[in-house]
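One file, upload_0.txt, is given below (compact mmCIF, C-alpha atoms and all ligand atoms).
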```txt
# COMPACT_ATOMS: atom_id res chain seq x y z
CA MET A 1 -16.81 6.03 20.03
CA THR A 2 -14.84 3.43 18.07
CA THR A 3 -11.48 2.56 19.56
CA LEU A 4 -8.76 1.37 17.25
CA GLN A 5 -6.90 -1.54 18.77
CA PRO A 6 -4.67 -3.86 16.76
CA THR A 7 -5.14 -7.64 16.88
CA PRO A 8 -3.48 -8.79 20.12
CA ALA A 9 -0.04 -10.35 19.74
CA PRO A 10 -0.05 -14.19 19.98
CA THR A 11 -0.05 -15.30 23.63
CA THR A 12 1.86 -18.22 25.08
CA VAL A 13 -0.13 -21.14 26.47
CA PRO A 14 1.31 -22.69 29.65
CA GLY A 15 2.75 -26.14 28.96
CA LEU A 16 2.98 -25.54 25.19
CA PRO A 17 5.93 -24.16 23.21
CA PRO A 18 5.62 -20.58 21.99
CA LEU A 19 4.97 -19.80 18.32
CA ALA A 20 8.02 -19.50 16.08
CA ALA A 21 10.05 -16.39 16.76
CA ARG A 22 9.56 -15.20 13.17
CA VAL A 23 5.79 -14.81 13.56
CA ARG A 24 6.10 -13.43 17.07
CA ALA A 25 8.39 -10.74 15.69
CA VAL A 26 6.09 -9.68 12.83
CA PRO A 27 2.88 -7.94 13.89
CA SER A 28 -0.48 -8.50 12.18
CA SER A 29 -1.18 -5.84 9.54
CA VAL A 30 -2.46 -2.79 11.40
CA ILE A 31 -4.35 -1.79 8.27
CA ARG A 32 -6.22 -5.08 7.89
CA ASP A 33 -7.12 -4.91 11.59
CA LEU A 34 -8.33 -1.38 11.15
CA LEU A 35 -10.43 -2.20 8.10
CA ALA A 36 -12.24 -4.89 10.07
CA LEU A 37 -13.26 -2.22 12.57
CA ILE A 38 -14.36 0.51 10.21
CA GLU A 39 -16.20 -1.40 7.47
CA ARG A 40 -19.74 -1.10 8.80
CA PRO A 41 -23.04 -0.26 7.05
CA GLY A 42 -23.62 3.44 6.52
CA VAL A 43 -19.91 4.32 6.45
CA ILE A 44 -18.58 5.65 3.16
CA SER A 45 -15.13 4.14 3.38
CA PHE A 46 -12.22 5.49 1.39
CA ALA A 47 -10.14 3.08 3.46
CA GLY A 48 -10.66 -0.37 1.98
CA GLY A 49 -9.43 -0.20 -1.56
CA LEU A 50 -11.57 -3.08 -2.80
CA PRO A 51 -12.07 -3.37 -6.56
CA ALA A 52 -15.67 -2.48 -7.50
CA PRO A 53 -17.67 -5.75 -7.49
CA GLU A 54 -20.34 -4.38 -9.86
CA LEU A 55 -17.63 -4.27 -12.54
CA PHE A 56 -16.73 -7.95 -12.21
CA ASP A 57 -17.69 -9.81 -15.39
CA VAL A 58 -19.70 -12.53 -13.64
CA GLU A 59 -21.32 -13.73 -16.88
CA GLY A 60 -17.96 -14.01 -18.61
CA ALA A 61 -16.44 -15.87 -15.67
CA ARG A 62 -19.36 -18.28 -15.55
CA ALA A 63 -19.10 -18.94 -19.29
CA SER A 64 -15.37 -19.68 -18.96
CA PHE A 65 -15.77 -21.99 -15.97
CA ASP A 66 -18.62 -23.80 -17.78
CA ALA A 67 -16.57 -24.18 -20.94
CA VAL A 68 -13.50 -25.46 -19.09
CA LEU A 69 -15.48 -28.00 -17.10
CA ALA A 70 -17.35 -29.12 -20.23
CA GLU A 71 -14.26 -29.37 -22.42
CA ALA A 72 -11.54 -30.56 -20.01
CA GLY A 73 -13.84 -32.35 -17.55
CA PRO A 74 -11.86 -34.14 -14.82
CA ARG A 75 -8.54 -32.72 -16.09
CA ALA A 76 -9.69 -29.30 -14.94
CA LEU A 77 -10.00 -30.71 -11.42
CA GLN A 78 -6.71 -32.64 -11.35
CA TYR A 79 -3.29 -31.66 -9.91
CA SER A 80 -1.25 -29.68 -12.42
CA PRO A 81 2.32 -28.32 -12.91
CA THR A 82 3.80 -25.99 -10.29
CA GLU A 83 4.76 -23.36 -12.90
CA GLY A 84 1.12 -23.01 -13.95
CA ASN A 85 -1.21 -23.43 -16.93
CA ARG A 86 0.84 -22.97 -20.10
CA ALA A 87 -1.90 -21.09 -22.00
CA LEU A 88 -2.27 -18.65 -19.11
CA ARG A 89 1.51 -18.19 -18.83
CA ASP A 90 1.65 -17.47 -22.57
CA ALA A 91 -1.21 -14.98 -22.28
CA VAL A 92 0.53 -13.12 -19.42
CA ALA A 93 3.76 -13.13 -21.46
CA ALA A 94 1.94 -11.69 -24.48
CA ARG A 95 0.64 -8.80 -22.35
CA TYR A 96 4.19 -7.99 -21.18
CA THR A 97 5.45 -8.15 -24.76
CA GLU A 98 2.71 -5.69 -25.79
CA ARG A 99 3.85 -3.36 -23.00
CA GLY A 100 7.40 -3.31 -24.41
CA LEU A 101 8.94 -6.12 -22.35
CA PRO A 102 9.49 -9.15 -24.63
CA THR A 103 8.50 -12.18 -22.57
CA ASP A 104 8.08 -15.89 -23.18
CA GLY A 105 5.49 -18.00 -21.34
CA ALA A 106 8.38 -19.95 -19.79
CA ASP A 107 9.48 -16.75 -17.98
CA VAL A 108 6.19 -16.66 -16.04
CA VAL A 109 5.16 -18.66 -12.97
CA ILE A 110 1.49 -18.42 -12.03
CA THR A 111 0.97 -17.75 -8.32
CA THR A 112 -1.95 -17.68 -5.92
CA GLY A 113 -2.35 -13.91 -6.10
CA SER A 114 0.69 -11.68 -6.51
CA GLN A 115 0.87 -11.68 -2.72
CA GLN A 116 2.08 -15.27 -2.96
CA GLY A 117 4.57 -14.16 -5.60
CA LEU A 118 6.02 -11.69 -3.09
CA ASN A 119 6.18 -14.37 -0.45
CA LEU A 120 7.86 -16.90 -2.76
CA LEU A 121 10.40 -14.31 -3.84
CA ALA A 122 11.15 -13.43 -0.22
CA THR A 123 11.76 -17.14 0.42
CA ALA A 124 13.84 -17.57 -2.73
CA LEU A 125 15.95 -14.41 -2.50
CA VAL A 126 16.32 -13.37 1.14
CA ASP A 127 18.42 -14.96 3.87
CA PRO A 128 17.98 -13.97 7.53
CA GLY A 129 19.88 -10.75 8.17
CA ASP A 130 19.90 -9.64 4.51
CA VAL A 131 19.06 -6.01 3.90
CA VAL A 132 15.99 -5.29 1.77
CA LEU A 133 15.51 -1.67 0.76
CA VAL A 134 11.87 -0.59 0.72
CA GLU A 135 10.12 2.58 -0.34
CA SER A 136 8.78 4.76 2.40
CA PRO A 137 5.78 4.71 2.50
CA SER A 138 5.24 1.20 1.12
CA TYR A 139 2.79 -1.71 0.72
CA LEU A 140 2.77 -3.31 4.14
CA ALA A 141 1.92 -6.90 3.27
CA ALA A 142 5.08 -7.10 1.17
CA LEU A 143 7.10 -5.88 4.12
CA GLN A 144 5.55 -8.69 6.19
CA CYS A 145 6.91 -11.23 3.65
CA PHE A 146 10.44 -9.86 3.90
CA ALA A 147 10.25 -9.60 7.69
CA LEU A 148 9.06 -13.22 7.93
CA ALA A 149 12.06 -14.23 5.80
CA GLY A 150 14.28 -12.56 8.41
CA ALA A 151 15.25 -9.50 6.36
CA LYS A 152 16.42 -6.25 7.82
CA LEU A 153 14.22 -3.59 6.20
CA VAL A 154 15.80 -0.25 5.40
CA ALA A 155 13.50 2.59 4.32
CA VAL A 156 14.36 4.60 1.21
CA PRO A 157 12.80 8.06 1.24
CA SER A 158 10.33 8.66 -1.59
CA GLY A 159 9.10 12.00 -2.88
CA GLU A 160 6.70 13.31 -5.50
CA ASP A 161 8.51 11.32 -8.21
CA GLY A 162 8.78 8.03 -6.31
CA VAL A 163 12.05 6.61 -4.92
CA ASP A 164 14.67 9.26 -4.13
CA VAL A 165 17.49 8.00 -6.35
CA GLU A 166 20.33 9.82 -4.55
CA ALA A 167 19.19 8.51 -1.19
CA LEU A 168 18.92 5.04 -2.73
CA ALA A 169 22.55 5.16 -3.92
CA ALA A 170 23.76 6.34 -0.50
CA LEU A 171 21.82 3.60 1.30
CA ALA A 172 23.08 0.98 -1.17
CA ASP A 173 26.65 2.12 -0.40
CA ARG A 174 26.07 1.85 3.31
CA TRP A 175 24.05 -1.38 3.54
CA ALA A 176 25.05 -3.57 0.55
CA PRO A 177 21.41 -4.66 0.12
CA LYS A 178 20.26 -7.80 -1.64
CA LEU A 179 17.03 -6.37 -2.94
CA LEU A 180 15.01 -3.21 -3.51
CA TYR A 181 11.23 -3.63 -3.26
CA THR A 182 9.27 -1.06 -5.25
CA VAL A 183 5.75 -0.50 -6.58
CA PRO A 184 6.74 1.75 -9.50
CA THR A 185 3.32 2.33 -11.08
CA PHE A 186 0.36 3.94 -9.23
CA GLN A 187 1.93 2.91 -5.95
CA ASN A 188 0.01 1.63 -2.98
CA PRO A 189 -0.39 3.79 -0.89
CA THR A 190 0.58 7.02 -2.72
CA GLY A 191 -0.69 6.52 -6.28
CA ARG A 192 2.68 7.82 -7.52
CA THR A 193 4.49 6.56 -10.62
CA LEU A 194 8.23 6.46 -11.16
CA ASP A 195 8.92 8.05 -14.55
CA LEU A 196 11.19 6.50 -17.17
CA ALA A 197 14.28 8.54 -16.27
CA ASN A 198 13.94 7.60 -12.59
CA ARG A 199 13.36 3.95 -13.47
CA GLN A 200 16.57 4.01 -15.49
CA ALA A 201 18.39 5.69 -12.62
CA VAL A 202 17.14 3.12 -10.07
CA VAL A 203 18.15 0.24 -12.31
CA ALA A 204 21.58 1.82 -12.84
CA VAL A 205 22.09 2.02 -9.05
CA ALA A 206 21.07 -1.65 -8.77
CA GLU A 207 23.55 -2.62 -11.50
CA ARG A 208 26.35 -0.63 -9.87
CA HIS A 209 25.75 -2.03 -6.40
CA GLY A 210 24.90 -5.58 -7.44
CA PHE A 211 21.40 -5.91 -5.99
CA ARG A 212 18.14 -7.09 -7.53
CA VAL A 213 14.94 -5.06 -7.87
CA LEU A 214 11.52 -6.53 -7.14
CA GLU A 215 9.07 -4.59 -9.28
CA ASP A 216 5.58 -5.20 -7.82
CA ASP A 217 3.25 -3.99 -10.56
CA PRO A 218 -0.40 -4.99 -10.01
CA TYR A 219 -1.85 -1.61 -11.07
CA ALA A 220 0.01 -0.89 -14.33
CA GLU A 221 -2.94 -1.69 -16.60
CA LEU A 222 -5.31 0.59 -14.66
CA ARG A 223 -4.23 3.81 -16.39
CA TYR A 224 -6.77 6.65 -16.79
CA SER A 225 -4.52 9.43 -18.10
CA GLY A 226 -0.95 10.02 -19.27
CA GLU A 227 1.33 7.69 -21.21
CA PRO A 228 2.36 4.16 -20.18
CA VAL A 229 5.91 3.82 -18.81
CA LEU A 230 8.10 0.80 -19.65
CA PRO A 231 8.34 -1.85 -16.93
CA MET A 232 11.65 -1.65 -15.06
CA ALA A 233 12.53 -5.17 -16.21
CA ALA A 234 12.71 -3.78 -19.79
CA LEU A 235 15.53 -1.43 -18.80
CA THR A 236 18.25 -3.92 -17.86
CA GLY A 237 19.58 -7.40 -18.53
CA PRO A 238 17.79 -10.61 -17.51
CA GLY A 239 17.60 -11.41 -13.80
CA ARG A 240 18.27 -7.92 -12.43
CA VAL A 241 14.57 -7.01 -12.09
CA VAL A 242 12.05 -9.60 -10.99
CA SER A 243 8.40 -8.59 -11.56
CA THR A 244 5.14 -9.60 -9.94
CA GLY A 245 1.72 -8.97 -11.45
CA SER A 246 -1.88 -9.83 -10.80
CA PHE A 247 -5.34 -10.43 -12.23
CA SER A 248 -6.83 -9.09 -8.97
CA LYS A 249 -7.28 -5.50 -10.08
CA ILE A 250 -8.14 -6.15 -13.74
CA LEU A 251 -10.28 -9.32 -13.52
CA ALA A 252 -11.27 -10.33 -9.98
CA PRO A 253 -9.31 -10.58 -6.72
CA GLY A 254 -11.25 -13.60 -5.46
CA LEU A 255 -9.73 -15.75 -8.20
CA ARG A 256 -6.38 -15.30 -6.43
CA LEU A 257 -4.40 -15.36 -9.66
CA GLY A 258 -1.10 -13.55 -10.01
CA TRP A 259 2.35 -14.27 -11.37
CA VAL A 260 6.09 -13.86 -11.09
CA ARG A 261 8.09 -12.93 -14.21
CA THR A 262 11.78 -13.72 -14.00
CA ASP A 263 14.78 -15.45 -15.59
CA PRO A 264 15.61 -19.15 -15.07
CA SER A 265 18.08 -18.54 -12.19
CA VAL A 266 15.42 -17.05 -9.91
CA ARG A 267 12.57 -19.10 -11.35
CA ALA A 268 14.10 -22.34 -10.08
CA GLY A 269 14.02 -20.95 -6.51
CA VAL A 270 10.47 -19.68 -6.91
CA VAL A 271 9.32 -23.10 -8.11
CA VAL A 272 10.88 -24.87 -5.11
CA ALA A 273 9.26 -22.35 -2.75
CA LYS A 274 5.91 -22.78 -4.49
CA GLN A 275 6.07 -26.57 -4.31
CA ALA A 276 6.50 -26.22 -0.57
CA ALA A 277 3.76 -23.59 -0.29
CA ASP A 278 0.88 -25.11 -2.29
CA LEU A 279 2.19 -27.42 -5.08
CA HIS A 280 0.39 -25.26 -7.64
CA THR A 281 -2.34 -22.65 -8.03
CA SER A 282 -5.91 -23.95 -8.58
CA THR A 283 -6.06 -25.89 -11.87
CA VAL A 284 -9.64 -24.99 -12.71
CA ASP A 285 -9.25 -21.29 -11.85
CA GLN A 286 -6.17 -21.00 -14.07
CA ALA A 287 -7.90 -22.83 -16.91
CA ALA A 288 -10.98 -20.60 -16.63
CA ALA A 289 -8.82 -17.47 -16.66
CA ALA A 290 -6.90 -18.76 -19.71
CA HIS A 291 -10.21 -19.43 -21.46
CA TYR A 292 -11.50 -15.97 -20.51
CA LEU A 293 -8.40 -14.31 -21.95
CA ALA A 294 -8.48 -16.44 -25.10
CA ALA A 295 -12.12 -15.43 -25.60
CA GLY A 296 -10.86 -11.82 -25.73
CA ARG A 297 -13.01 -10.67 -22.82
CA LEU A 298 -10.31 -9.24 -20.60
CA ASP A 299 -9.49 -6.19 -22.70
CA ALA A 300 -13.15 -5.16 -22.83
CA ALA A 301 -13.49 -5.69 -19.07
CA VAL A 302 -10.35 -3.64 -18.37
CA ASP A 303 -11.64 -0.84 -20.62
CA ARG A 304 -14.93 -0.72 -18.69
CA THR A 305 -13.08 -0.68 -15.39
CA ARG A 306 -10.73 2.07 -16.53
CA GLN A 307 -13.61 4.27 -17.67
CA GLU A 308 -15.49 3.89 -14.42
CA TYR A 309 -12.45 4.28 -12.16
CA ARG A 310 -11.46 7.44 -14.06
CA ARG A 311 -14.85 8.97 -13.15
CA ARG A 312 -14.39 7.90 -9.54
CA ARG A 313 -10.87 9.29 -9.32
CA ASP A 314 -12.08 12.57 -10.77
CA ALA A 315 -14.97 12.72 -8.26
CA LEU A 316 -12.57 12.26 -5.35
CA LEU A 317 -10.11 14.82 -6.69
CA ALA A 318 -12.97 17.27 -7.24
CA GLY A 319 -14.16 16.88 -3.64
CA LEU A 320 -10.82 17.14 -1.86
CA PRO A 321 -10.20 20.90 -2.08
CA ALA A 322 -13.30 21.60 -0.01
CA ALA A 323 -12.80 18.59 2.29
CA LEU A 324 -9.22 18.98 3.46
CA PRO A 325 -7.86 21.87 5.54
CA PRO A 326 -6.06 24.74 3.77
CA GLY A 327 -2.41 23.89 3.13
CA SER A 328 -3.12 20.19 2.47
CA ARG A 329 -1.51 18.50 -0.53
CA TRP A 330 -2.52 15.36 -2.36
CA THR A 331 -1.39 13.22 -5.28
CA THR A 332 -3.28 13.24 -8.59
CA PRO A 333 -2.61 9.70 -9.81
CA ASP A 334 -2.82 8.77 -13.48
CA GLY A 335 -4.22 5.38 -12.51
CA GLY A 336 -4.53 2.73 -9.84
CA MET A 337 -6.77 3.00 -6.82
CA PHE A 338 -5.31 5.50 -4.35
CA VAL A 339 -4.88 9.18 -3.58
CA TRP A 340 -2.40 10.08 -0.84
CA ALA A 341 -3.11 13.27 1.10
CA THR A 342 -0.77 15.19 3.39
CA LEU A 343 -2.44 17.55 5.82
CA PRO A 344 -0.56 20.54 7.21
CA GLU A 345 2.08 20.01 9.91
CA GLY A 346 0.53 19.24 13.29
CA TRP A 347 -2.45 17.20 12.05
CA ASP A 348 -2.59 13.57 13.17
CA THR A 349 -4.85 11.46 10.96
CA THR A 350 -4.85 8.49 13.38
CA ALA A 351 -6.42 10.75 16.01
CA LEU A 352 -8.85 12.08 13.37
CA LEU A 353 -10.20 8.70 12.29
CA PRO A 354 -12.63 8.18 15.21
CA ARG A 355 -14.09 11.64 14.47
CA ALA A 356 -14.45 10.73 10.80
CA LEU A 357 -16.26 7.53 11.79
CA GLU A 358 -18.71 9.59 13.85
CA HIS A 359 -19.50 11.31 10.54
CA ASP A 360 -19.79 7.92 8.79
CA VAL A 361 -16.73 8.34 6.62
CA ALA A 362 -13.37 6.57 6.80
CA PHE A 363 -9.82 6.66 5.42
CA VAL A 364 -6.61 4.88 6.32
CA PRO A 365 -4.21 6.93 8.44
CA GLY A 366 -0.84 7.09 6.68
CA ALA A 367 1.46 6.30 9.60
CA PRO A 368 1.37 2.48 9.38
CA PHE A 369 2.58 2.58 5.75
CA PHE A 370 5.96 3.96 6.82
CA PRO A 371 8.62 1.35 7.52
CA GLY A 372 10.75 4.09 9.09
CA ASP A 373 9.72 7.42 10.59
CA PRO A 374 5.96 7.83 10.14
CA GLN A 375 4.38 11.03 8.85
CA PRO A 376 1.28 11.35 11.05
CA SER A 377 -0.37 14.00 8.87
CA THR A 378 -0.84 11.63 5.89
CA MET A 379 -3.82 9.51 4.82
CA ARG A 380 -4.66 7.06 2.02
CA LEU A 381 -7.95 7.49 0.20
CA SER A 382 -9.19 4.81 -2.19
CA PHE A 383 -11.59 5.86 -4.93
CA THR A 384 -12.62 2.55 -6.50
CA THR A 385 -15.34 1.20 -4.24
CA TYR A 386 -18.15 3.76 -4.72
CA GLY A 387 -19.74 5.64 -7.59
CA PRO A 388 -19.10 9.38 -8.07
CA ASP A 389 -22.20 10.48 -6.09
CA ALA A 390 -21.26 8.48 -3.00
CA ILE A 391 -17.68 9.74 -3.32
CA ALA A 392 -18.93 13.33 -3.41
CA GLU A 393 -21.05 12.67 -0.31
CA GLY A 394 -18.03 11.03 1.37
CA THR A 395 -15.90 14.11 0.77
CA ARG A 396 -18.66 16.32 2.25
CA ARG A 397 -18.66 14.12 5.37
CA LEU A 398 -14.88 14.33 5.50
CA ALA A 399 -15.14 18.11 5.36
CA ALA A 400 -17.59 18.07 8.29
CA ALA A 401 -15.36 15.72 10.30
CA LEU A 402 -12.23 17.77 9.68
CA ALA A 403 -14.03 20.99 10.52
CA GLY A 404 -14.49 19.46 13.97
C1 LIG B 501 1.19 -3.20 -4.21
C2 LIG B 501 0.45 -4.49 -4.05
N1 LIG B 501 1.08 -5.64 -4.30
C3 LIG B 501 0.46 -6.82 -4.19
C4 LIG B 501 -0.87 -6.90 -3.80
C5 LIG B 501 -1.48 -8.26 -3.65
O1 LIG B 501 -2.52 -8.46 -4.56
P1 LIG B 501 -3.02 -9.88 -5.02
O2 LIG B 501 -2.43 -10.93 -4.11
O3 LIG B 501 -4.51 -9.83 -4.92
O4 LIG B 501 -2.54 -10.06 -6.42
C6 LIG B 501 -1.57 -5.73 -3.52
C7 LIG B 501 -2.97 -5.78 -3.07
O5 LIG B 501 -3.60 -4.84 -2.76
C8 LIG B 501 -0.88 -4.49 -3.65
O6 LIG B 501 -1.49 -3.31 -3.41
```
So that I can check it, write out the structure of this file as structure tokens.
Ligand SMILES: Cc1ncc(COP(=O)(O)O)c(C=O)c1O
Amino acid sequence: MTTLQPTPAPTTVPGLPPLAARVRAVPSSVIRDLLALIERPGVISFAGGLPAPELFDVEGARASFDAVLAEAGPRALQYSPTEGNRALRDAVAARYTERGLPTDGADVVITTGSQQGLNLLATALVDPGDVVLVESPSYLAALQCFALAGAKLVAVPSGEDGVDVEALAALADRWAPKLLYTVPTFQNPTGRTLDLANRQAVVAVAERHGFRVLEDDPYAELRYSGEPVLPMAALTGPGRVVSTGSFSKILAPGLRLGWVRTDPSVRAGVVVAKQAADLHTSTVDQAAAAHYLAAGRLDAAVDRTRQEYRRRRDALLAGLPAALPPGSRWTTPDGGMFVWATLPEGWDTTALLPRALEHDVAFVPGAPFFPGDPQPSTMRLSFTTYGPDAIAEGTRRLAAALAG
């Protein structure tokens, strides 16, 4: 039977100083540790949440890298500005403008994945002891960034419609936070989307209480049904909402290309933090991505991905009624990569996982996603990695595992 043990905490070596308190205080991501244990051949894993590699446009990427190396030659391999490749910044800005958020290329800083954007923003915005409000459940690797910056994390309850706005206002009153971290569109882990009225309400609370909102939005372009919702940054004045975005889910995660969109006051801090982190994101990768976008290939690639992920989402949603015990509930996301299921009271999905693995199927137990009180009966299921037939087989295995 597989046992699920987290990566051991760093040990002290006699005669050598201990690691910095900030890394000793922040545990390794339980979920990453868990994925390393459960990703083995034969397992149909709803756990990982990797974009589907067969949808990566390898030919298009190769053509863009070839063109950039042929046309720019050594310049494509040279150091470059911290803020990023101007053509790529302009292309990101144009996509925001199309989505209803007028943006100039100067508002965008290219980062090494949006994960780095989160980290740079934590460095730029958070002092030790500051309160950062976070959705519960939430995306753990963001919480690691805030914890490493010394923040005190306070969980905001979230329901079917995303952040609970009344609870947010009460917590803002009590804690005078600096920042709210939210994934408003097709959230990781729940797949939920905050609707326009709730976005407006959240922004109004932020305005009233004088805090910023970090809108982490890597999934917004992966919509399979329903109508797009305006980014939160479009609902308030400059500087109030800082946004991060990514090419990971719409182009390829291995490129490690993301961005921060913000006003000049925050951008200056992000640039200083980025200089210290890595000077700049890979010159050649940015240039290739800019070429790829200019060639008009991204929209076609995103369309293909959307069509395929829609089929995969539908296959998972079709299989769940027979797989999960009576009384279970689950989200029906309009996009993104995840379905969040809540089993009836009394079920513990962490205890269930070893049994699922015996049936060669896996999911992520929900408990680690909660910064506050965990809900042990929850689980995250990703639908992007396998085709509809494998997903259907996975749900049959899940049914067998849950039946005991
Ligand atoms: C909500 C959220 N934010 C940020 C990231 C980081 O993505 P990347 O660094 O690949 O852009 C992820 C990755 O899964 C995510 O789910």
Using all atoms listed in the file, which protein or nucleic acid residues come within 10 Å of Ala172 (chain A)? Drop anything in the same chain fewer than 6 positions from it, and give the result as a ChimeraX atom specification.
/A:131-133,154,156,166,178-180,205-206,208-211
At what distance in Å, to one decimal, does CA of Gln187 (chain A) lie from atom O5 of ligand LIG 501 (chain B)?
10.0 Å
Pick out the residues sitting within 9 Å of Ala124 (chain A), and hand them over as an MDAnalysis selection string; count only C-alpha atoms, and ignore anything fewer than 5 positions along from it in its own chain.
chainID A and resid 119 266:273
Across A:Glu54, A:Asp104, A:Glu135, A:Glu83, the smallest distance to ligand LIG 501 (chain B), with only C-alpha atoms and all ligand atoms counted, is shown by A:Glu135
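Taking atom O5 of ligand LIG 501 (chain B) and CA of Ala341 (chain A) as endpoints, the distance between them is 18.5 Å.
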Distance cut-off 6 Å, centre (-2.8, 11.4, 2.8) in file coordinates, counting all atoms listed in the file: which residues qualify? Return them as a list of chain:residue names.
A:Trp340, A:Ala341, A:Thr342, A:Thr378, A:Met379, A:Arg380
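Take CA of Tyr224 (chain A) and CA of Asp195 (chain A): the distance between them is 15.9 Å.
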Select the residues contacting ligand LIG 501 (chain B) at a distance of at most 6 Å, based on all atoms listed in the file, then format the selection as a VMD selection string.
chain A and resid 113 to 115 139 183 188 216 218 246 248 253 256 258
Would you mind telling me which residue in A:Ile110, A:Ala76, A:Ala290, A:Ala91 lies nearest to Thr262 (chain A) when using all atoms listed in the file?
A:Ile110
Which residues, written as an MDAnalysis selection string, have at least one atom at most 12 Å from Ser382 (chain A), with all atoms listed in the file counted and residues fewer than 2 positions away on the same chain left out?
chainID A and resid 44:52 186:191 309 312:317 331 333 335:341 362:365 379:380 384:387 391 394:395
Would you put the residues from that selection into a file with C-alpha atoms, as a compact mmCIF listing (two decimals), in the frame of the given file?
```
# COMPACT_ATOMS: atom_id res chain seq x y z
CA ILE A 44 -18.58 5.65 3.16
CA SER A 45 -15.13 4.14 3.38
CA PHE A 46 -12.22 5.49 1.39
CA ALA A 47 -10.14 3.08 3.46
CA GLY A 48 -10.66 -0.37 1.98
CA GLY A 49 -9.43 -0.20 -1.56
CA LEU A 50 -11.57 -3.08 -2.80
CA PRO A 51 -12.07 -3.37 -6.56
CA ALA A 52 -15.67 -2.48 -7.50
CA PHE A 186 0.36 3.94 -9.23
CA GLN A 187 1.93 2.91 -5.95
CA ASN A 188 0.01 1.63 -2.98
CA PRO A 189 -0.39 3.79 -0.89
CA THR A 190 0.58 7.02 -2.72
CA GLY A 191 -0.69 6.52 -6.28
CA TYR A 309 -12.45 4.28 -12.16
CA ARG A 312 -14.39 7.90 -9.54
CA ARG A 313 -10.87 9.29 -9.32
CA ASP A 314 -12.08 12.57 -10.77
CA ALA A 315 -14.97 12.72 -8.26
CA LEU A 316 -12.57 12.26 -5.35
CA LEU A 317 -10.11 14.82 -6.69
CA THR A 331 -1.39 13.22 -5.28
CA PRO A 333 -2.61 9.70 -9.81
CA GLY A 335 -4.22 5.38 -12.51
CA GLY A 336 -4.53 2.73 -9.84
CA MET A 337 -6.77 3.00 -6.82
CA PHE A 338 -5.31 5.50 -4.35
CA VAL A 339 -4.88 9.18 -3.58
CA TRP A 340 -2.40 10.08 -0.84
CA ALA A 341 -3.11 13.27 1.10
CA ALA A 362 -13.37 6.57 6.80
CA PHE A 363 -9.82 6.66 5.42
CA VAL A 364 -6.61 4.88 6.32
CA PRO A 365 -4.21 6.93 8.44
CA MET A 379 -3.82 9.51 4.82
CA ARG A 380 -4.66 7.06 2.02
CA THR A 384 -12.62 2.55 -6.50
CA THR A 385 -15.34 1.20 -4.24
CA TYR A 386 -18.15 3.76 -4.72
CA GLY A 387 -19.74 5.64 -7.59
CA ILE A 391 -17.68 9.74 -3.32
CA GLY A 394 -18.03 11.03 1.37
CA THR A 395 -15.90 14.11 0.77
```
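You can rank A:Thr111, A:Leu235, A:Ala67, A:Arg62 by their closest distance to Phe247 (chain A) using all atoms listed in the file, and at the top of that list sits A:Thr111.
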Using all atoms listed in the file, can you tell me which of A:Arg297, A:Arg174, A:Arg86, A:Arg212 comes closest to Leu251 (chain A)?
A:Arg297
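In this comparison, which uses all atoms listed in the file, the residue of A:Val229, A:Ala276, A:Ser265, A:Ala323 approaching Ala356 (chain A) most closely is A:Ala323.
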Using all atoms listed in the file - which residues lie no farther than 7 Å from the point (4.7, -21.1, -21.6) in the file's frame? Write them as a PyMOL selection string.
chain A and resi 86-87+89-90+104-106
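Proximity to Ser136 (chain A) at 9 Å, evaluated using only C-alpha atoms and with sequence-adjacent residues fewer than 2 positions away removed, yields Val134, Ser138, Tyr139, Ala155, Val156, Pro157, Ser158, Gly159, Val163, Phe369, Phe370, Pro371, Gly372, Asp373 and Pro374 of chain A.
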